[in-house]
Amino acid sequence: MGIEHNNRTRSDIRPGLQVRIIQKKDQRSGKLTEGTVREILTSSSFHPHGIKVRLNDGTVGRVSEICGPRQGDRDR
């Protein structure tokens with residue numbers, strides 16, 4: 001599994017982070033989409049359902065899991 005973080009606190013999320021999100025259309029099924037955070041869309045410091053982000057491919061959803069830094073960023 002990934003590194004344990006709080007996916008509901010904005011300060012734990014940053015661009016370049018590898019995450020799994022749940023898109024609105026997938027809320028019933030629980031299907032997760034993995035990608036790299038491009039932009040944080042939630043302006044508040046906390047959200048009970050997860051911080052909303054846009055991934056590099058343009059997909060928008062709420063962070064369900066934080067996997068860690070993007071491959072290649074681990075040494076930085």
# chains A, B, ... in the order shown; residues from 1 in each chain; ligands from 1

$ residues_around --residues "region 45-60 of chain A" --least-positions-apart "6" --cutoff "10 Å" --atoms "only C-alpha atoms" --output "number ranges by chain"
A: 6-24, 33-39

$ select_by_dssp --residues "region 2-74 of chain A" --states "strand (DSSP E)" --output "VMD selection string"
chain A and resid 17 to 22 33 to 40 52 to 55 60 to 69

$ decode --residues "region 41-71 of chain A" --atoms "C-alpha atoms" --output "PDB file, in the first residue's frame"
ATOM      1  CA  LEU A  41      -9.021  22.823  -6.486  1.00  0.00           C
ATOM      2  CA  THR A  42     -10.267  22.846  -2.873  1.00  0.00           C
ATOM      3  CA  SER A  43      -9.579  26.246  -1.303  1.00  0.00           C
ATOM      4  CA  SER A  44     -10.377  25.328   2.309  1.00  0.00           C
ATOM      5  CA  SER A  45      -7.735  23.718   4.523  1.00  0.00           C
ATOM      6  CA  PHE A  46      -9.926  20.646   5.211  1.00  0.00           C
ATOM      7  CA  HIS A  47     -12.733  18.810   3.427  1.00  0.00           C
ATOM      8  CA  PRO A  48     -14.547  15.814   4.965  1.00  0.00           C
ATOM      9  CA  HIS A  49     -14.801  13.945   1.630  1.00  0.00           C
ATOM     10  CA  GLY A  50     -11.228  14.589   0.483  1.00  0.00           C
ATOM     11  CA  ILE A  51      -9.384  17.417  -1.217  1.00  0.00           C
ATOM     12  CA  LYS A  52     -10.479  18.020  -4.819  1.00  0.00           C
ATOM     13  CA  VAL A  53      -7.624  18.026  -7.338  1.00  0.00           C
ATOM     14  CA  ARG A  54      -6.962  18.051 -11.076  1.00  0.00           C
ATOM     15  CA  LEU A  55      -4.503  15.436 -12.323  1.00  0.00           C
ATOM     16  CA  ASN A  56      -1.947  15.976 -15.099  1.00  0.00           C
ATOM     17  CA  ASP A  57      -4.320  14.329 -17.599  1.00  0.00           C
ATOM     18  CA  GLY A  58      -7.132  16.769 -16.653  1.00  0.00           C
ATOM     19  CA  THR A  59      -9.163  14.316 -14.563  1.00  0.00           C
ATOM     20  CA  VAL A  60     -10.877  15.930 -11.548  1.00  0.00           C
ATOM     21  CA  GLY A  61     -11.775  14.136  -8.331  1.00  0.00           C
ATOM     22  CA  ARG A  62     -11.304  13.946  -4.578  1.00  0.00           C
ATOM     23  CA  VAL A  63      -8.145  12.400  -3.157  1.00  0.00           C
ATOM     24  CA  SER A  64      -8.868   8.989  -1.696  1.00  0.00           C
ATOM     25  CA  GLU A  65      -5.272   7.797  -1.190  1.00  0.00           C
ATOM     26  CA  ILE A  66      -1.839   9.380  -1.331  1.00  0.00           C
ATOM     27  CA  CYS A  67       0.676   7.041  -2.948  1.00  0.00           C
ATOM     28  CA  GLY A  68       3.774   9.220  -2.576  1.00  0.00           C
ATOM     29  CA  PRO A  69       5.966  11.425  -4.747  1.00  0.00           C
ATOM     30  CA  ARG A  70       5.938  10.991  -8.508  1.00  0.00           C
ATOM     31  CA  GLN A  71       8.497   8.498  -9.816  1.00  0.00           C
TER      32      GLN A  71
END
